[in-house]
Amino acid sequence: MSDQERQRLYEDKVRAQNWRRWGPYLSGRQWGTVREDYSHNGDSWSYFTHDQSRSRAYRWGEDGLLGITDVQCRLCLGLALWNTRDPILKERLFGLDRHQGNHGEDVKELYYYLDNTPTHSYMKALYKYPQAEFPYTALVEESARRGPTDPEYKILDTGIFNESRYFDVTAEYCKNSPNDILGRFTVVNRGPERATVHVLPQLWYRNVWDWGEDCEANVDVKPILLLDKSGKIRCEHPTLGALDERSRLNSMDRYVEESEGGSGGDGGAHTLNSQTNVVSHDDEDSFFLEFGPAPDGAPVPVLFTENTTNAERLYGASNRARFVKDAFHEYVVNGLQEKVNPKSYGTKCAGHYVLDLAPGQEIVVKLRLYQGCERPQGPAFTEQFDSVFRQRIQEADIFYKEVIVSPNEAERLIARQAYAGLLWNKQFFYYIVREWLRGDSNQPQPPTERHSGRNSDWQHIINKDIVSVPDKWEYPFYSAWNLAFHMIPMSRVDIQFAKSQLVLLLSEWYMNATGQIPAYENRFADNTPPVHAYAVLKVYKASGVKGKRDDLFLARCFHKLVLNFTWWINEKDCLGQNVINGGHLGLDNIGVFDRSMCKYTGDRLSTATPWMGFFCSLMLEISLILAAREPVYQDMASKFFEDFIAVLDSINDMDGIGLWDEEDGFYYAHIKDAKTCEPVKIRSMAGLIPLFTTLVLKERDFRENPGFGKRTKWFIEHRKDLSKKASFMCRGSARDSVLLSITNKKKLVRILRHVLDEDKFLSPFGLRSLSKEYEKEPYVLTADGIKYSVKYEPGESESKLFGGNSNWRGPVHLPTNYLLIENLRRFDYFFGEELMVEFPTGSGSYARLAAVARDLERRITSLFLPNDTSGGRPCYEPHEIYNNDPNFRNLFLFHEFYDGDTGRGCGASHHTGWTALIANILENQEEHR
């Protein structure tokens, strides 16, 4: 069989087929987000809670359990479950908000992304649903009881999965054609006794009709789902089909609005006339949903309601519609049959399966969603249905056989699930700031504080796109520096999507007119590391072999990156000394100051300067690449070369402002103002950022770019002082090459003595973000009479910053490790055997930097691989169930960071954004074996 997935990617690229129209774009959490927050104080977690989410229609998106939707999130498909004991119908994942417990902002469920292809022709995920009452109260109360030094209370700690008393619910989707989606939900009773579970595959429209005339186009025509005589659910929507205006009106005028007055009415819902079940000329454009039969072969009952807020439950007010969003909860859990629409139409529907399973028994629930023009030939659930699944799974295997280079099956499994999580973490993100600030005509007006509060100076933002998010529950929004790292593994599986995402964040409806790239929805104006150029360059190099790469993509990004670079220089070099400020960019609490409480974390802290050196070197490299086709870019190369020199001066102690400390052999951030500049002598990952800058230039770069060559020659002759402080045009063992680096060989060796010390940075699982030397004796700094301290915290943070669920004071983070490993290899390429370092420090053994890089990769991959003693995976300590239970053993979570001592996964548990870099690390490891 040929690689059909790559054929689909090609068809989508040339717009022959819209294979990406449907995908896993449904958020894991819409409640508690900034978009849904209309509070006066900006506390999004408190304004819209998990308890409210089942009853309250969302304004800016939707969420669901292992669901899918179209690219504009108009029609959504997801699961609902009930185990006959829970107080709540399980329609979405539960987790703590930032106010609940010692480590808030944390999902408390067991689910796993198992497979996915770039066009989402095949998707697979697993949810483990307890058979006992879900421990909502226990999770909240015990988490609240625990202090910041106590371990996080996870759902496995509740004992609810003991004796395997749970259901495995596997959700699979595949595409027979772009608009013919097959769903298969396999439910297995893992427990020792017979158990019953209700399974409700749900289909619903995003609510665009309750907010007023400004919400969406065509809100004058309300969408509808209705059951016809054949048992199909017909889906009519003004923009979802391929309808032109005339056929749309001909279609929709078959439904008449019936108002029954006040709170007793249907709120404008459509009812049916005598023509409803007549096959009309527009059947080709409409979508249809079919549910497979119940286990006894009978047609499955279908429930209907409206995706409209239950104002009576939430506010004690009258409802706009008779049937409301939480009707299925009331029907299934409380047995209130009158809560669903007996006329079998609405904007939300569900097939209701009641499965009684013996121990070990499995039952499969099937559905099919398709557009009329792509309807299946014959019945929807023949052998052909399962045949399509088998074919798509086989095609996914063929695709990943080429993508994943390791022959080791254990490593291939890790990489396959890392890519699956990366692809599942695509999400529809909708946020138009001007409309959000103004409010909707059909709703109470937002408080006046909003107009000068969060994101009020970003009113150009118009986000209505599929974006790569770090974690669809904990971080259900884009984060600029996270996304940049996401696209590095993404380029291995879907180069087109990787390029489009990087271009998207540079577009005029994302990037500020000043040139700033929006950071994340909580605060677009926040400062995060300028790594976008790095991702652009990495994705460009992955776009083809040398000479056949996508130069247009590179040039398109370059021009916008120049604006971003200029913003950094203009906004952050506040003293005009080439020392770029902005605090510990993206590293949250890595420094001695809590950035949410201290004045020293912004423009007075110089940590950003090395990042700008990194940015300069990337822009210089891009300029030279583009100059090969357009000589005009030589001028830009010279410009960024001179900027790089300026950063070198500032970092390496020009006029007493530099970051290098000769006595300690390390780079430190400085607190500075117009008169003073004092170092903050803490050894952290922030001090290793200068090592990320290693640009190797060939002699031909100067020969083929004479303008650039002339300018650099002048600096070589007139700035000989630079070579004493940095690797400035120095030569090593690499023939016909020179090196540009913030540090020189002598300084590099001294820094690496700290980095490769197992009592400092070197962990069994990679490099810690803070030296372990601060474990027993925290670092203390006194500023303005106030004492600030920081200590080594290998796992979760003891600070409440970001809910206590984000930490750079000790854990291992993959993106910074990835950057350092890559640059160690560049240093080794340049210096070769001329540069040997003691590894580990104090061992008496010496190695080339390439060998050090290989060992660091080995340490990182050991997080996920069974160890030689117990066979356990360090990332899952102390939960032995992942080592001993065959139904857990091959399931992976990809956490935000890992304990610097034990390797235990911490932070967001589905962070297959930047932690998907493990796939690249495995690939590099294989290439250098």
# chains A, B, ... in the order shown; residues from 1 in each chain; ligands from 1
$ residues_around --residues "Pro223 in chain A" --least-positions-apart "5" --cutoff "10 Å" --atoms "only C-alpha atoms" --output "ChimeraX atom specification"
/A:74-75,204-209,218,235-240,252,269-270,346-347
$ residues_around --residues "range 586-591 of chain A" --least-positions-apart "4" --cutoff "8 Å" --atoms "only C-alpha atoms" --output "list in words"
Trp481, Asn527, Thr528, Pro529, Arg595, Ile682, Ser684, Met685, Ala686, Ser769, Leu770, Val790, Leu801, Ser806, Asn807, Trp808 and Arg809 of chain A
$ write_last_selection --atoms "N, CA and C atoms" --output "mmCIF file, in the first residue's frame"
data_model
loop_
_atom_site.group_PDB
_atom_site.id
_atom_site.type_symbol
_atom_site.label_atom_id
_atom_site.label_comp_id
_atom_site.auth_asym_id
_atom_site.auth_seq_id
_atom_site.Cartn_x
_atom_site.Cartn_y
_atom_site.Cartn_z
ATOM 1 N N TRP A 481 5.715 31.359 22.723
ATOM 2 C CA TRP A 481 6.999 30.662 22.773
ATOM 3 C C TRP A 481 6.803 29.162 22.858
ATOM 4 N N ASN A 527 5.998 39.390 28.191
ATOM 5 C CA ASN A 527 7.246 39.150 27.467
ATOM 6 C C ASN A 527 7.612 37.673 27.562
ATOM 7 N N THR A 528 7.725 37.036 26.433
ATOM 8 C CA THR A 528 8.203 35.654 26.387
ATOM 9 C C THR A 528 9.421 35.591 25.469
ATOM 10 N N PRO A 529 10.258 34.577 25.603
ATOM 11 C CA PRO A 529 11.509 34.549 24.835
ATOM 12 C C PRO A 529 11.293 34.689 23.332
ATOM 13 N N ARG A 595 7.737 37.301 40.037
ATOM 14 C CA ARG A 595 7.476 38.373 39.087
ATOM 15 C C ARG A 595 6.084 38.979 39.241
ATOM 16 N N ILE A 682 22.724 33.965 41.078
ATOM 17 C CA ILE A 682 22.060 32.683 41.219
ATOM 18 C C ILE A 682 22.285 31.881 39.948
ATOM 19 N N SER A 684 21.204 29.522 37.418
ATOM 20 C CA SER A 684 19.960 28.966 36.894
ATOM 21 C C SER A 684 20.081 28.809 35.385
ATOM 22 N N MET A 685 19.040 28.242 34.790
ATOM 23 C CA MET A 685 19.012 28.068 33.347
ATOM 24 C C MET A 685 19.144 29.403 32.630
ATOM 25 N N ALA A 686 18.728 30.501 33.272
ATOM 26 C CA ALA A 686 18.852 31.818 32.652
ATOM 27 C C ALA A 686 20.308 32.142 32.334
ATOM 28 N N SER A 769 16.674 23.112 35.796
ATOM 29 C CA SER A 769 16.530 24.530 35.489
ATOM 30 C C SER A 769 17.143 25.429 36.553
ATOM 31 N N LEU A 770 17.468 24.884 37.718
ATOM 32 C CA LEU A 770 18.150 25.605 38.787
ATOM 33 C C LEU A 770 19.126 24.650 39.443
ATOM 34 N N VAL A 790 15.499 32.120 47.030
ATOM 35 C CA VAL A 790 15.059 31.069 46.115
ATOM 36 C C VAL A 790 15.796 29.797 46.495
ATOM 37 N N LEU A 801 2.274 31.163 42.357
ATOM 38 C CA LEU A 801 2.305 31.733 41.023
ATOM 39 C C LEU A 801 1.822 30.690 40.016
ATOM 40 N N SER A 806 3.432 25.571 37.998
ATOM 41 C CA SER A 806 4.454 25.926 37.015
ATOM 42 C C SER A 806 5.732 26.188 37.786
ATOM 43 N N ASN A 807 6.840 25.645 37.348
ATOM 44 C CA ASN A 807 8.057 25.761 38.145
ATOM 45 C C ASN A 807 9.304 25.671 37.282
ATOM 46 N N TRP A 808 10.208 26.633 37.474
ATOM 47 C CA TRP A 808 11.516 26.618 36.830
ATOM 48 C C TRP A 808 12.635 26.644 37.858
ATOM 49 N N ARG A 809 12.342 26.250 39.082
ATOM 50 C CA ARG A 809 13.346 26.263 40.147
ATOM 51 C C ARG A 809 13.860 24.864 40.445
#
$ atom_distance --atom1 "CA of Ile517 in chain A" --atom2 "CA of Asn463 in chain A"
13.1 Å
$ atom_distance --atom1 "CA of Tyr430 in chain A" --atom2 "CA of Ser468 in chain A"
13.0 Å
$ residues_around --residues "Phe765 in chain A" --least-positions-apart "6" --cutoff "9 Å" --atoms "only C-alpha atoms" --output "number ranges by chain"
A: 812, 856-863, 874, 898-903
$ write_last_selection --atoms "N, CA and C atoms" --output "short mmCIF file (atom, residue, chain, number, x, y, z; two decimals), in the first residue's frame"
data_model
loop_
_atom_site.label_atom_id
_atom_site.label_comp_id
_atom_site.auth_asym_id
_atom_site.auth_seq_id
_atom_site.Cartn_x
_atom_site.Cartn_y
_atom_site.Cartn_z
N VAL A 812 13.38 19.50 35.20
CA VAL A 812 13.92 19.36 33.85
C VAL A 812 12.82 19.77 32.86
N LEU A 856 23.24 13.40 27.38
CA LEU A 856 22.09 14.18 27.84
C LEU A 856 20.80 13.67 27.18
N GLU A 857 20.86 13.33 25.91
CA GLU A 857 19.70 12.75 25.24
C GLU A 857 19.31 11.43 25.87
N ARG A 858 20.32 10.62 26.20
CA ARG A 858 20.03 9.34 26.87
C ARG A 858 19.32 9.55 28.19
N ARG A 859 19.78 10.54 28.95
CA ARG A 859 19.16 10.82 30.24
C ARG A 859 17.70 11.25 30.06
N ILE A 860 17.44 12.08 29.07
CA ILE A 860 16.07 12.57 28.85
C ILE A 860 15.16 11.43 28.39
N THR A 861 15.62 10.62 27.46
CA THR A 861 14.77 9.53 26.97
C THR A 861 14.52 8.49 28.06
N SER A 862 15.43 8.41 29.04
CA SER A 862 15.23 7.45 30.12
C SER A 862 14.02 7.81 30.98
N LEU A 863 13.53 9.03 30.87
CA LEU A 863 12.30 9.40 31.57
C LEU A 863 11.15 8.49 31.19
N PRO A 874 10.51 6.22 34.97
CA PRO A 874 10.65 7.27 35.97
C PRO A 874 9.56 8.34 35.91
N TYR A 898 9.66 17.81 34.48
CA TYR A 898 9.94 16.55 35.17
C TYR A 898 10.82 16.82 36.39
N ASP A 899 10.51 16.11 37.47
CA ASP A 899 11.23 16.27 38.72
C ASP A 899 12.73 16.11 38.49
N GLY A 900 13.51 17.09 38.97
CA GLY A 900 14.94 17.09 38.72
C GLY A 900 15.69 15.99 39.43
N ASP A 901 15.06 15.31 40.39
CA ASP A 901 15.72 14.22 41.11
C ASP A 901 15.17 12.85 40.74
N THR A 902 13.84 12.73 40.64
CA THR A 902 13.23 11.42 40.41
C THR A 902 12.77 11.21 38.98
N GLY A 903 12.58 12.29 38.21
CA GLY A 903 12.06 12.18 36.86
C GLY A 903 10.55 12.14 36.80
#
$ closest_residue --among "A:Glu798, A:Leu203, A:Phe428, A:Glu474" --to "Pro148 in chain A" --atoms "only C-alpha atoms"
A:Glu798
$ atom_distance --atom1 "CA of Val332 in chain A" --atom2 "CA of Pro87 in chain A"
10.4 Å
